[in-house]
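Shown below: structure_25.cif, with mmCIF, C-alpha atoms.
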```cif
data_upload
loop_
_atom_site.label_atom_id
_atom_site.label_comp_id
_atom_site.auth_asym_id
_atom_site.auth_seq_id
_atom_site.Cartn_x
_atom_site.Cartn_y
_atom_site.Cartn_z
CA MET A 8 0.00 0.00 0.00
CA ASP A 9 1.65 3.21 -1.23
CA ILE A 10 0.38 6.31 0.59
CA ARG A 11 2.76 8.81 -0.98
CA LEU A 12 1.63 11.56 -3.32
CA THR A 13 2.28 10.99 -7.02
CA GLU A 14 4.53 13.28 -9.06
CA ASP A 15 1.45 14.88 -10.63
CA GLN A 16 -0.08 15.50 -7.22
CA MET A 17 3.13 17.04 -5.91
CA ALA A 18 3.20 19.25 -9.01
CA ILE A 19 -0.31 20.48 -8.13
CA SER A 20 0.88 21.37 -4.64
CA GLU A 21 3.92 23.26 -5.92
CA ALA A 22 1.97 25.14 -8.60
CA VAL A 23 -0.75 26.24 -6.18
CA LYS A 24 1.92 27.34 -3.70
CA ARG A 25 3.48 29.58 -6.36
CA VAL A 26 0.19 31.42 -6.83
CA CYS A 27 -0.47 31.69 -3.09
CA ASP A 28 3.04 33.02 -2.41
CA GLN A 29 2.20 36.13 -4.44
CA PHE A 30 -0.11 37.22 -1.60
CA ASP A 31 1.73 37.93 1.63
CA ASP A 32 0.84 38.59 5.26
CA GLU A 33 0.28 42.29 4.63
CA TYR A 34 -2.26 41.57 1.89
CA TRP A 35 -4.27 39.17 4.03
CA SER A 36 -4.05 41.37 7.12
CA LEU A 37 -5.52 44.26 5.15
CA CYS A 38 -8.31 42.07 3.79
CA ASP A 39 -9.09 40.92 7.32
CA THR A 40 -8.93 44.38 8.87
CA ASP A 41 -10.85 46.09 6.08
CA LYS A 42 -13.32 43.19 5.78
CA ARG A 43 -12.62 43.15 2.07
CA PHE A 44 -13.06 40.17 -0.25
CA PRO A 45 -9.68 39.09 -1.74
CA PHE A 46 -10.64 39.80 -5.35
CA GLU A 47 -7.02 39.76 -6.58
CA PHE A 48 -6.36 36.33 -5.08
CA HIS A 49 -9.60 34.94 -6.50
CA ARG A 50 -8.68 36.30 -9.95
CA ALA A 51 -5.14 34.88 -9.78
CA MET A 52 -6.46 31.41 -8.92
CA ALA A 53 -9.02 31.64 -11.73
CA ASP A 54 -6.41 32.75 -14.26
CA ALA A 55 -4.21 29.81 -13.25
CA GLY A 56 -7.11 27.42 -13.86
CA TRP A 57 -7.58 26.23 -10.29
CA LEU A 58 -11.24 27.19 -9.87
CA GLY A 59 -12.19 24.37 -12.21
CA ILE A 60 -10.09 21.58 -10.73
CA THR A 61 -13.12 19.35 -10.08
CA MET A 62 -15.33 20.67 -12.90
CA PRO A 63 -16.04 18.73 -16.13
CA GLU A 64 -13.67 19.31 -19.02
CA GLU A 65 -16.54 20.33 -21.31
CA VAL A 66 -17.05 23.52 -19.27
CA GLY A 67 -13.35 24.34 -19.01
CA GLY A 68 -12.52 22.32 -15.90
CA SER A 69 -9.81 19.76 -15.20
CA ALA A 70 -12.15 16.92 -14.13
CA LEU A 71 -9.78 15.85 -11.36
CA GLY A 72 -10.84 14.12 -8.17
CA VAL A 73 -11.49 15.20 -4.62
CA THR A 74 -7.98 13.96 -3.77
CA GLU A 75 -6.42 16.55 -6.07
CA ALA A 76 -8.82 19.22 -4.81
CA ALA A 77 -7.76 18.38 -1.25
CA ILE A 78 -4.09 18.74 -2.17
CA MET A 79 -4.83 22.12 -3.70
CA MET A 80 -6.87 23.39 -0.74
CA HIS A 81 -4.31 22.17 1.79
CA GLU A 82 -1.73 24.36 0.11
CA VAL A 83 -4.12 27.31 -0.05
CA SER A 84 -4.96 27.25 3.65
CA ARG A 85 -1.33 26.60 4.60
CA SER A 86 -0.38 29.86 2.90
CA ALA A 87 -0.46 33.34 4.41
CA GLY A 88 -4.18 33.53 3.63
CA GLY A 89 -5.14 30.73 6.01
CA TYR A 90 -8.80 29.79 6.08
CA SER A 91 -9.85 33.08 4.51
CA ALA A 92 -7.97 32.08 1.36
CA ALA A 93 -9.59 28.65 1.40
CA SER A 94 -13.07 30.13 1.89
CA THR A 95 -12.56 32.35 -1.15
CA LEU A 96 -12.49 29.23 -3.34
CA HIS A 97 -14.23 26.55 -1.31
CA LEU A 98 -17.73 26.73 -2.80
CA ASN A 99 -16.40 26.26 -6.34
CA LEU A 100 -15.20 22.78 -5.45
CA PHE A 101 -18.24 21.17 -3.80
CA GLY A 102 -21.15 23.64 -4.02
CA PRO A 103 -22.01 23.15 -7.72
CA HIS A 104 -21.82 19.36 -7.43
CA SER A 105 -25.60 19.13 -7.79
CA VAL A 106 -25.32 20.94 -11.12
CA VAL A 107 -22.45 18.69 -12.25
CA VAL A 108 -24.40 15.51 -11.47
CA HIS A 109 -28.02 16.51 -12.12
CA GLY A 110 -27.87 19.57 -14.38
CA THR A 111 -28.78 19.50 -18.06
CA PRO A 112 -26.03 20.13 -20.64
CA GLU A 113 -27.42 23.66 -21.10
CA GLN A 114 -27.36 24.31 -17.35
CA LYS A 115 -23.80 23.02 -16.99
CA GLU A 116 -22.55 25.32 -19.73
CA ARG A 117 -24.51 28.33 -18.47
CA MET A 118 -23.84 27.84 -14.76
CA LEU A 119 -20.44 26.18 -14.43
CA ARG A 120 -18.25 27.82 -17.04
CA PRO A 121 -18.57 31.32 -15.49
CA LEU A 122 -17.55 29.81 -12.12
CA VAL A 123 -14.50 28.15 -13.66
CA THR A 124 -13.37 31.39 -15.29
CA GLY A 125 -14.04 33.45 -12.17
CA VAL A 126 -16.66 35.63 -13.87
CA ASP A 127 -19.35 34.45 -11.45
CA ARG A 128 -19.12 34.06 -7.68
CA ALA A 129 -21.71 31.92 -5.94
CA CYS A 130 -22.96 31.56 -2.38
CA PHE A 131 -24.74 28.67 -0.66
CA GLY A 132 -28.28 29.23 0.63
CA VAL A 133 -29.14 26.20 2.75
CA THR A 134 -28.84 26.91 6.50
CA GLU A 135 -31.71 28.72 8.22
CA PRO A 136 -31.91 30.47 11.62
CA ASP A 137 -34.58 28.17 13.06
CA ALA A 138 -33.40 24.93 11.44
CA GLY A 139 -29.63 24.93 11.88
CA LEU A 140 -28.21 21.52 11.01
CA ASP A 141 -31.73 20.04 10.85
CA THR A 142 -32.02 20.73 7.14
CA THR A 143 -35.33 18.86 6.84
CA SER A 144 -36.92 21.62 8.95
CA ILE A 145 -36.17 24.51 6.62
CA THR A 146 -39.17 26.73 5.91
CA THR A 147 -38.01 28.74 2.88
CA PHE A 148 -40.72 27.89 0.36
CA ALA A 149 -40.87 27.95 -3.44
CA THR A 150 -44.41 28.18 -4.80
CA LYS A 151 -44.94 27.03 -8.40
CA VAL A 152 -46.17 29.78 -10.72
CA PRO A 153 -46.26 30.10 -14.51
CA GLY A 154 -42.68 30.03 -15.82
CA GLY A 155 -41.03 29.28 -12.49
CA TYR A 156 -41.35 29.71 -8.73
CA ARG A 157 -41.95 32.43 -6.15
CA VAL A 158 -39.57 31.98 -3.22
CA THR A 159 -39.96 33.38 0.29
CA GLY A 160 -37.79 32.64 3.31
CA ARG A 161 -34.65 33.38 5.24
CA LYS A 162 -31.13 31.93 5.12
CA ILE A 163 -28.22 32.48 7.48
CA TRP A 164 -24.41 32.14 7.34
CA THR A 165 -24.52 32.75 3.61
CA SER A 166 -20.79 33.06 2.93
CA SER A 167 -19.61 35.61 0.33
CA GLY A 168 -23.17 36.84 -0.22
CA GLN A 169 -21.93 40.44 -0.37
CA VAL A 170 -19.85 39.73 -3.48
CA ALA A 171 -21.73 36.80 -5.02
CA ASN A 172 -23.99 37.22 -8.03
CA LYS A 173 -25.35 33.64 -7.90
CA ILE A 174 -26.92 31.53 -5.17
CA LEU A 175 -27.38 27.78 -4.83
CA LEU A 176 -30.68 27.75 -2.99
CA LEU A 177 -32.48 24.93 -1.19
CA ALA A 178 -36.21 25.50 -0.65
CA ARG A 179 -39.24 23.44 0.18
CA THR A 180 -41.71 22.89 -2.66
CA THR A 181 -43.93 20.61 -0.54
CA PRO A 182 -44.64 21.25 3.15
CA LYS A 183 -42.83 18.84 5.46
CA ASP A 184 -46.05 17.55 7.00
CA GLN A 185 -47.33 16.56 3.56
CA CYS A 186 -44.26 14.47 2.68
CA LYS A 187 -43.86 10.73 3.17
CA ARG A 188 -40.35 11.34 4.52
CA PRO A 189 -38.90 14.52 6.06
CA THR A 190 -36.15 14.50 3.43
CA ASP A 191 -38.67 14.71 0.59
CA GLY A 192 -40.21 17.86 -0.85
CA MET A 193 -37.11 20.06 -1.12
CA THR A 194 -35.79 21.46 -4.40
CA ILE A 195 -32.45 22.92 -5.49
CA PHE A 196 -32.16 26.09 -7.54
CA TYR A 197 -29.08 27.83 -8.95
CA THR A 198 -30.12 31.35 -9.79
CA ASP A 199 -29.26 35.04 -9.78
CA LEU A 200 -28.69 36.74 -6.43
CA ASP A 201 -30.36 40.03 -7.24
CA LYS A 202 -29.59 42.29 -4.29
CA ALA A 203 -32.13 44.83 -5.48
CA LYS A 204 -34.76 42.25 -4.54
CA ILE A 205 -32.98 40.09 -1.92
CA GLU A 206 -31.57 41.62 1.25
CA VAL A 207 -28.12 40.28 2.16
CA ARG A 208 -27.17 41.60 5.59
CA ARG A 209 -23.58 41.13 6.77
CA ILE A 210 -23.08 39.42 10.16
CA PRO A 211 -20.24 40.87 12.30
CA LYS A 212 -18.10 37.96 13.40
CA MET A 213 -14.94 36.85 15.18
CA GLY A 214 -12.69 35.88 12.30
CA ARG A 215 -12.35 35.07 8.60
CA ASN A 216 -13.40 38.66 7.98
CA ALA A 217 -12.07 38.74 4.42
CA VAL A 218 -14.97 36.48 3.45
CA ASP A 219 -18.32 37.82 4.58
CA SER A 220 -21.12 35.84 6.27
CA ASN A 221 -24.70 37.01 5.98
CA ALA A 222 -28.34 36.76 6.91
CA THR A 223 -30.32 36.59 3.67
CA PHE A 224 -33.93 37.69 3.40
CA ILE A 225 -36.01 36.50 0.42
CA ASP A 226 -39.51 37.81 -0.13
CA ASP A 227 -41.62 36.63 -3.11
CA TYR A 228 -38.53 36.33 -5.32
CA PHE A 229 -39.12 34.92 -8.80
CA VAL A 230 -36.86 32.05 -9.89
CA PRO A 231 -37.30 30.87 -13.50
CA GLU A 232 -38.05 27.22 -14.24
CA GLU A 233 -34.76 26.79 -16.08
CA ASP A 234 -32.84 27.52 -12.86
CA ARG A 235 -34.25 24.45 -11.09
CA ILE A 236 -31.71 21.65 -10.80
CA GLY A 237 -33.01 18.14 -11.42
CA GLU A 238 -36.45 17.00 -10.35
CA GLU A 239 -38.68 18.96 -8.02
CA GLY A 240 -38.67 17.51 -4.51
CA ASN A 241 -35.31 15.72 -4.72
CA GLY A 242 -33.11 18.62 -3.61
CA PHE A 243 -32.13 17.18 -0.24
CA HIS A 244 -30.91 13.98 -1.87
CA TYR A 245 -28.89 16.01 -4.37
CA ILE A 246 -27.28 17.95 -1.51
CA LEU A 247 -26.19 14.67 0.07
CA ASN A 248 -23.96 14.05 -2.94
CA SER A 249 -21.71 16.90 -1.85
CA LEU A 250 -21.54 16.23 1.91
CA ASN A 251 -18.56 13.87 1.97
CA PRO A 252 -16.47 16.05 -0.38
CA GLU A 253 -17.32 19.03 1.82
CA ARG A 254 -16.17 17.21 4.97
CA ILE A 255 -12.96 16.16 3.23
CA LEU A 256 -12.15 19.64 1.97
CA VAL A 257 -12.95 21.41 5.24
CA GLY A 258 -10.83 18.85 7.11
CA ILE A 259 -7.83 19.28 4.82
CA GLU A 260 -8.18 23.06 4.92
CA ALA A 261 -8.06 22.82 8.70
CA VAL A 262 -4.86 20.79 8.52
CA GLY A 263 -3.31 23.36 6.19
CA LEU A 264 -4.27 26.17 8.56
CA GLY A 265 -2.77 24.29 11.50
CA ARG A 266 0.44 23.52 9.64
CA GLY A 267 0.83 27.16 8.67
CA ALA A 268 0.46 28.18 12.30
CA LEU A 269 2.90 25.48 13.42
CA GLU A 270 5.50 26.68 10.92
CA ARG A 271 5.21 30.21 12.25
CA ALA A 272 5.49 29.02 15.86
CA SER A 273 8.52 26.86 15.12
CA GLN A 274 10.29 29.69 13.31
CA TYR A 275 9.64 32.05 16.22
CA ALA A 276 10.88 29.43 18.70
CA ARG A 277 14.13 29.10 16.71
CA GLU A 278 14.75 32.85 16.79
CA ARG A 279 13.34 34.22 20.03
CA LYS A 280 15.88 34.52 22.85
CA VAL A 281 14.90 34.95 26.52
CA PHE A 282 17.28 34.86 29.51
CA GLY A 283 20.14 34.41 27.04
CA LYS A 284 18.68 31.23 25.54
CA ILE A 285 16.69 30.39 22.39
CA ILE A 286 13.23 29.44 23.65
CA GLY A 287 13.09 26.49 21.23
CA GLU A 288 15.77 24.78 23.34
CA ASN A 289 13.24 24.35 26.13
CA GLN A 290 11.21 21.14 26.17
CA GLY A 291 8.25 23.14 27.47
CA ILE A 292 8.23 24.83 24.05
CA GLN A 293 9.30 21.81 21.99
CA HIS A 294 6.89 19.19 23.25
CA PRO A 295 3.58 20.98 22.60
CA LEU A 296 4.72 21.86 19.07
CA ALA A 297 5.86 18.29 18.43
CA GLU A 298 2.48 17.08 19.67
CA ASN A 299 0.74 19.47 17.26
CA TRP A 300 2.76 17.94 14.41
CA THR A 301 1.69 14.39 15.30
CA PHE A 302 -2.01 15.24 15.38
CA LEU A 303 -1.88 17.28 12.17
CA GLU A 304 -0.03 14.49 10.40
CA SER A 305 -2.54 11.89 11.60
CA ALA A 306 -5.48 14.02 10.49
CA TYR A 307 -3.89 14.63 7.09
CA TRP A 308 -3.64 10.96 6.22
CA MET A 309 -7.11 10.13 7.51
CA ILE A 310 -8.50 12.82 5.23
CA MET A 311 -6.44 11.67 2.26
CA ARG A 312 -7.73 8.14 2.82
CA ALA A 313 -11.29 9.48 2.77
CA ALA A 314 -10.58 11.37 -0.47
CA ASN A 315 -9.09 8.27 -2.06
CA LEU A 316 -12.11 6.18 -1.08
CA TYR A 317 -14.47 8.81 -2.49
CA ASP A 318 -12.63 9.00 -5.80
CA ARG A 319 -12.77 5.19 -6.09
CA GLY A 320 -16.51 5.26 -5.54
CA GLU A 321 -16.33 3.47 -2.20
CA PRO A 322 -18.15 4.36 1.04
CA CYS A 323 -16.24 7.04 2.96
CA GLY A 324 -18.75 8.66 5.32
CA ALA A 325 -16.99 7.57 8.50
CA GLU A 326 -13.55 8.53 7.23
CA ALA A 327 -14.72 11.90 5.85
CA ASN A 328 -16.42 12.82 9.11
CA ALA A 329 -13.55 11.56 11.25
CA GLY A 330 -11.08 13.47 9.10
CA LYS A 331 -13.04 16.68 9.50
CA PHE A 332 -13.22 16.14 13.27
CA LEU A 333 -9.50 15.38 13.62
CA GLY A 334 -8.40 18.16 11.28
CA ALA A 335 -10.46 20.83 13.03
CA ARG A 336 -9.28 19.79 16.49
CA ALA A 337 -5.65 19.59 15.39
CA ALA A 338 -5.84 22.99 13.69
CA PHE A 339 -7.42 24.68 16.72
CA ASP A 340 -4.78 23.20 19.04
CA ALA A 341 -1.92 24.18 16.71
CA CYS A 342 -3.19 27.74 16.29
CA THR A 343 -3.68 28.07 20.04
CA GLN A 344 -0.17 26.80 20.71
CA ALA A 345 1.23 29.16 18.09
CA VAL A 346 -0.21 32.11 20.02
CA LEU A 347 1.13 30.74 23.31
CA THR A 348 4.58 30.13 21.80
CA HIS A 349 4.75 33.77 20.76
CA GLY A 350 3.83 34.84 24.27
CA GLY A 351 2.65 38.44 24.45
CA MET A 352 3.52 39.00 20.80
CA GLY A 353 1.08 36.25 19.88
CA TYR A 354 -1.68 38.58 21.00
CA SER A 355 -0.53 41.28 18.58
CA THR A 356 -1.35 41.37 14.90
CA GLU A 357 2.31 41.64 13.87
CA TYR A 358 3.01 37.90 13.82
CA GLN A 359 -0.33 36.92 12.26
CA VAL A 360 -0.99 33.95 14.57
CA GLU A 361 -3.87 35.72 16.31
CA ARG A 362 -5.61 35.95 12.91
CA LEU A 363 -5.13 32.22 12.32
CA PHE A 364 -6.31 31.47 15.85
CA ARG A 365 -9.53 33.42 15.28
CA GLU A 366 -10.16 31.47 12.10
CA SER A 367 -9.47 28.08 13.67
CA ILE A 368 -12.49 27.99 15.98
CA LEU A 369 -14.84 28.19 12.99
CA LEU A 370 -13.60 24.83 11.75
CA ARG A 371 -14.82 23.15 14.93
CA LEU A 372 -18.29 24.60 14.41
CA ALA A 373 -18.98 24.39 10.69
CA PRO A 374 -20.23 22.96 8.44
CA ILE A 375 -21.10 20.30 11.01
CA THR A 376 -20.48 20.25 14.74
CA GLU A 377 -18.21 17.81 16.53
CA GLN A 378 -21.19 16.40 18.41
CA LEU A 379 -23.08 15.43 15.25
CA ILE A 380 -19.96 13.83 13.81
CA LEU A 381 -19.55 11.71 16.94
CA SER A 382 -23.25 10.79 16.85
CA PHE A 383 -22.87 9.73 13.21
CA ILE A 384 -19.86 7.53 13.97
CA ALA A 385 -21.53 6.05 17.05
CA GLU A 386 -24.58 5.10 15.02
CA ARG A 387 -23.09 4.13 11.65
CA VAL A 388 -19.76 2.60 12.75
CA LEU A 389 -20.34 1.36 16.30
CA ASP A 390 -23.95 0.26 15.67
CA LEU A 391 -25.29 2.23 18.63
CA PRO A 392 -28.86 3.58 18.76
CA LYS A 393 -29.61 6.89 17.07
CA SER A 394 -29.38 9.60 19.72
CA TYR A 395 -31.10 12.58 18.09
#
```
For the structure just supplied, provide its representation as C-alpha cells.
Amino acid sequence: MDIRLTEDQMAISEAVKRVCDQFDDEYWSLCDTDKRFPFEFHRAMADAGWLGITMPEEVGGSALGVTEAAIMMHEVSRSAGGYSAASTLHLNLFGPHSVVVHGTPEQKERMLRPLVTGVDRACFGVTEPDAGLDTTSITTFATKVPGGYRVTGRKIWTSSGQVANKILLLARTTPKDQCKRPTDGMTIFYTDLDKAKIEVRRIPKMGRNAVDSNATFIDDYFVPEEDRIGEEGNGFHYILNSLNPERILVGIEAVGLGRGALERASQYARERKVFGKIIGENQGIQHPLAENWTFLESAYWMIMRAANLYDRGEPCGAEANAGKFLGARAAFDACTQAVLTHGGMGYSTEYQVERLFRESILLRLAPITEQLILSFIAERVLDLPKSY
C-alpha cells in the first residue's frame, strides 16, 4: 500500500503554492482588517485554472478528483491567507456538485463555465436560523407559478453573499407535514442573487473577515423554471452528494491552517531569545509543538484516505467525518499553541498567529459540529442507537 503523493499530485501542490506566495501577510491582514473580499487572489487562482479543478472538461474544468482538490486546498490554507484564502475558493469545489451531477447540458454550460473562469461568484443558501443543522426543517418555500417559482424565506451564514452574483438555494416545494419522509419535498435552484430584490445583511463575526457571512432575506422572489436543478422535490438527496467532499475539503483546509500556524510558531521558537537562551531549546516549548505535528499528520492521512475512497466510488462517510473532526481539532490546538509560543507577541497582529487562531475555531463549528460527527460515527460505525 503506497500512501505517498504521485509526481502529478506534488506538481499540483507546488503550482498552487506559487500562486499563493504572491499574496503575503500584509495583503491578508488588510483584507481581514478592512473586511474586504480578496478579489485579486480569486482572480489569480481563476487565471491559473484552479477554480475548475473538479469541474467537467466540457465547461473548461480539469475533471480531477477530490484527492487533487484536497491537495490544492491544503496548500491554499497553509499559505499566508489561512482559512480566509480557502473560503474564497471553497464553494467552487463542492457547491455546484448538484449541477455537475443533475444539471442538463445547457445548465452546466450556463452555470459552471462562469464559475470556472471566475466571472461568477456563488454563495450557498441552505442553512436557516430556526433549522440549523436540521435541514429537513427549513421553511423557505418555493411556490410554483407560470414560468417558475416564487420563493420566500430566510437563510443564514450565507458566505460571500456580499460579493456573489449567484446563489445555490435549497427551498421546500412541498410542506414537510405533507411528505412521506422529512427528506422529501425540497428542491435545489441555482439562480441570480439580485440584491435589489434580496436583502443580504452582513453578520459581524470573530474571524475570517475577508470572506463575509450574511443573513439573507427572500420575499416573493421569482426564480425561472430553467434555474431548477433536477427533479422537483429531490433537492435534499442532491445535496447529500456533496456532503462527503465538503467534509474532506474542510478537514484538509483545517490541517493546512494548523500547519501554517505550526511553521510560524517553530520559526519564532528558533529565533526568540529569553534569559540568554533560544526558547526552542526548552522542552516546554518543543513538546507541545511536536504534539501538534503528530495530530496534524494523523489528520492529514485520515482525510487523504477518505478522499481516495471517495474517488474510487467506495463508502467514505466515517472517514470523511472523522477526518473533518481530527483536522479541526488539530488545527485549533496548533493555532492556540502558536499564540502561546509567541507569548505576548502572539496577541498582537504583527506575527499573524492571532488571525489564524480566530479562524481556527470556525472549523470546529462548521459545516457540522463535533457532536453530530460523533453521533454519526456512534450510530453508523459502532452500531449504537440513534441519539437525536
Let me know the residues the PyMOL selection byres ((chain A and resi 281-298) around 12) catches in the file above, as a PyMOL selection string.
-> chain A and resi 265-266+268-280+299-305+337-338+340-350
Using all atoms listed in the file, which residues of region 60-121 of chain A come within 9 Å of region 207-227 of chain A, and what is the closest atom pair for each, with the distance in Å to one decimal? Give it as JSON lines, sorted by chain and residue number.
```
{"residue": "A:Gly89", "atom": "CA", "partner": "A:Arg215", "partner_atom": "CA", "distance": 8.8}
{"residue": "A:Tyr90", "atom": "CA", "partner": "A:Arg215", "partner_atom": "CA", "distance": 6.8}
{"residue": "A:Ser91", "atom": "CA", "partner": "A:Arg215", "partner_atom": "CA", "distance": 5.2}
{"residue": "A:Ala92", "atom": "CA", "partner": "A:Ala217", "partner_atom": "CA", "distance": 8.4}
{"residue": "A:Ser94", "atom": "CA", "partner": "A:Val218", "partner_atom": "CA", "distance": 6.8}
{"residue": "A:Thr95", "atom": "CA", "partner": "A:Val218", "partner_atom": "CA", "distance": 6.6}
```
Any chance you could tabulate, as a tab-separated table, the residues of region 170-216 of chain A at most 7 Å from region 240-256 of chain A with each one's nearest atom pair and distance in Å to one decimal, using all atoms listed in the file, in chain and rising number order?
```
residue	atom	partner	partner_atom	distance
A:Leu177	CA	A:Gly242	CA	6.8
A:Thr180	CA	A:Gly240	CA	6.5
A:Thr190	CA	A:Phe243	CA	6.1
A:Asp191	CA	A:Gly240	CA	5.8
A:Gly192	CA	A:Gly240	CA	4.0
A:Met193	CA	A:Gly240	CA	4.5
A:Thr194	CA	A:Gly242	CA	4.0
A:Ile195	CA	A:Gly242	CA	4.7
```
What would the file look like if the residues just selected were written as a PDB file, in the coordinates of the input with C-alpha atoms?
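For reference, again.pdb as written:
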```pdb
ATOM      1  CA  LEU A 177     -32.480  24.930  -1.190  1.00  0.00           C
ATOM      2  CA  THR A 180     -41.710  22.890  -2.660  1.00  0.00           C
ATOM      3  CA  THR A 190     -36.150  14.500   3.430  1.00  0.00           C
ATOM      4  CA  ASP A 191     -38.670  14.710   0.590  1.00  0.00           C
ATOM      5  CA  GLY A 192     -40.210  17.860  -0.850  1.00  0.00           C
ATOM      6  CA  MET A 193     -37.110  20.060  -1.120  1.00  0.00           C
ATOM      7  CA  THR A 194     -35.790  21.460  -4.400  1.00  0.00           C
ATOM      8  CA  ILE A 195     -32.450  22.920  -5.490  1.00  0.00           C
TER       9      ILE A 195
END
```
If we count all atoms listed in the file, what is near Gly102 (chain A) at a cut-off of 9 Å, once residues fewer than 4 positions away on the same chain are taken out, given as a VMD selection string?
-> chain A and resid 97 to 98 106 129 to 131 175 246 249 253
What would the list of residues within 10 Å of (-29.4, 30.7, -9.0) (file frame) look like as number ranges by chain, if all atoms listed in the file are what count?
-> A: 118, 129-132, 172-176, 195-201, 230-231, 233-236
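Nearest residue to Leu96 (chain A), choosing from A:Thr143, A:Thr74, A:Ser166, A:Thr40 and counting all atoms listed in the file: A:Ser166.
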Interatomic distance between CA of Tyr228 (chain A) and CA of Pro189 (chain A)?
->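 The value is 24.6 Å.
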Quick one: which residues end up in the PyMOL selection byres ((chain A and resi 326) around 8) for this structure, as a list in words?
->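 Checking the PyMOL selection byres ((chain A and resi 326) around 8) against this file, the residues are Met309, Ile310, Arg312, Ala313, Cys323, Gly324, Ala325, Ala327, Asn328, Ala329 and Gly330 of chain A.
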Quote the spacing between CA of Val66 (chain A) and CA of Pro121 (chain A) in Å to one decimal place.
-> 8.8 Å
Take CA of Phe364 (chain A) and CA of Gly168 (chain A) and report the distance between them in Å, one decimal.
->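 Here the two named atoms are 23.9 Å from each other.
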Considering only C-alpha atoms, state which residue in the set A:Gly68, A:Ile384, A:His81, A:Trp164 is at the smallest distance from Leu119 (chain A).
->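 Distance minimum relative to Leu119 (chain A) lands on A:Gly68.
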Of the residues A:Ala93, A:Ile259, A:Val73, A:Ile163, which is the one nearest to Met52 (chain A), using all atoms listed in the file?
->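 Looking only at the distances to Met52 (chain A), the closest residue turns out to be A:Ala93.
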Between A:Asp39, A:Arg85, A:Gly154, A:Gly110, single out the one closest to Arg365 (chain A), counting all atoms listed in the file.
->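 For Arg365 (chain A), the nearest of the given residues is A:Asp39.
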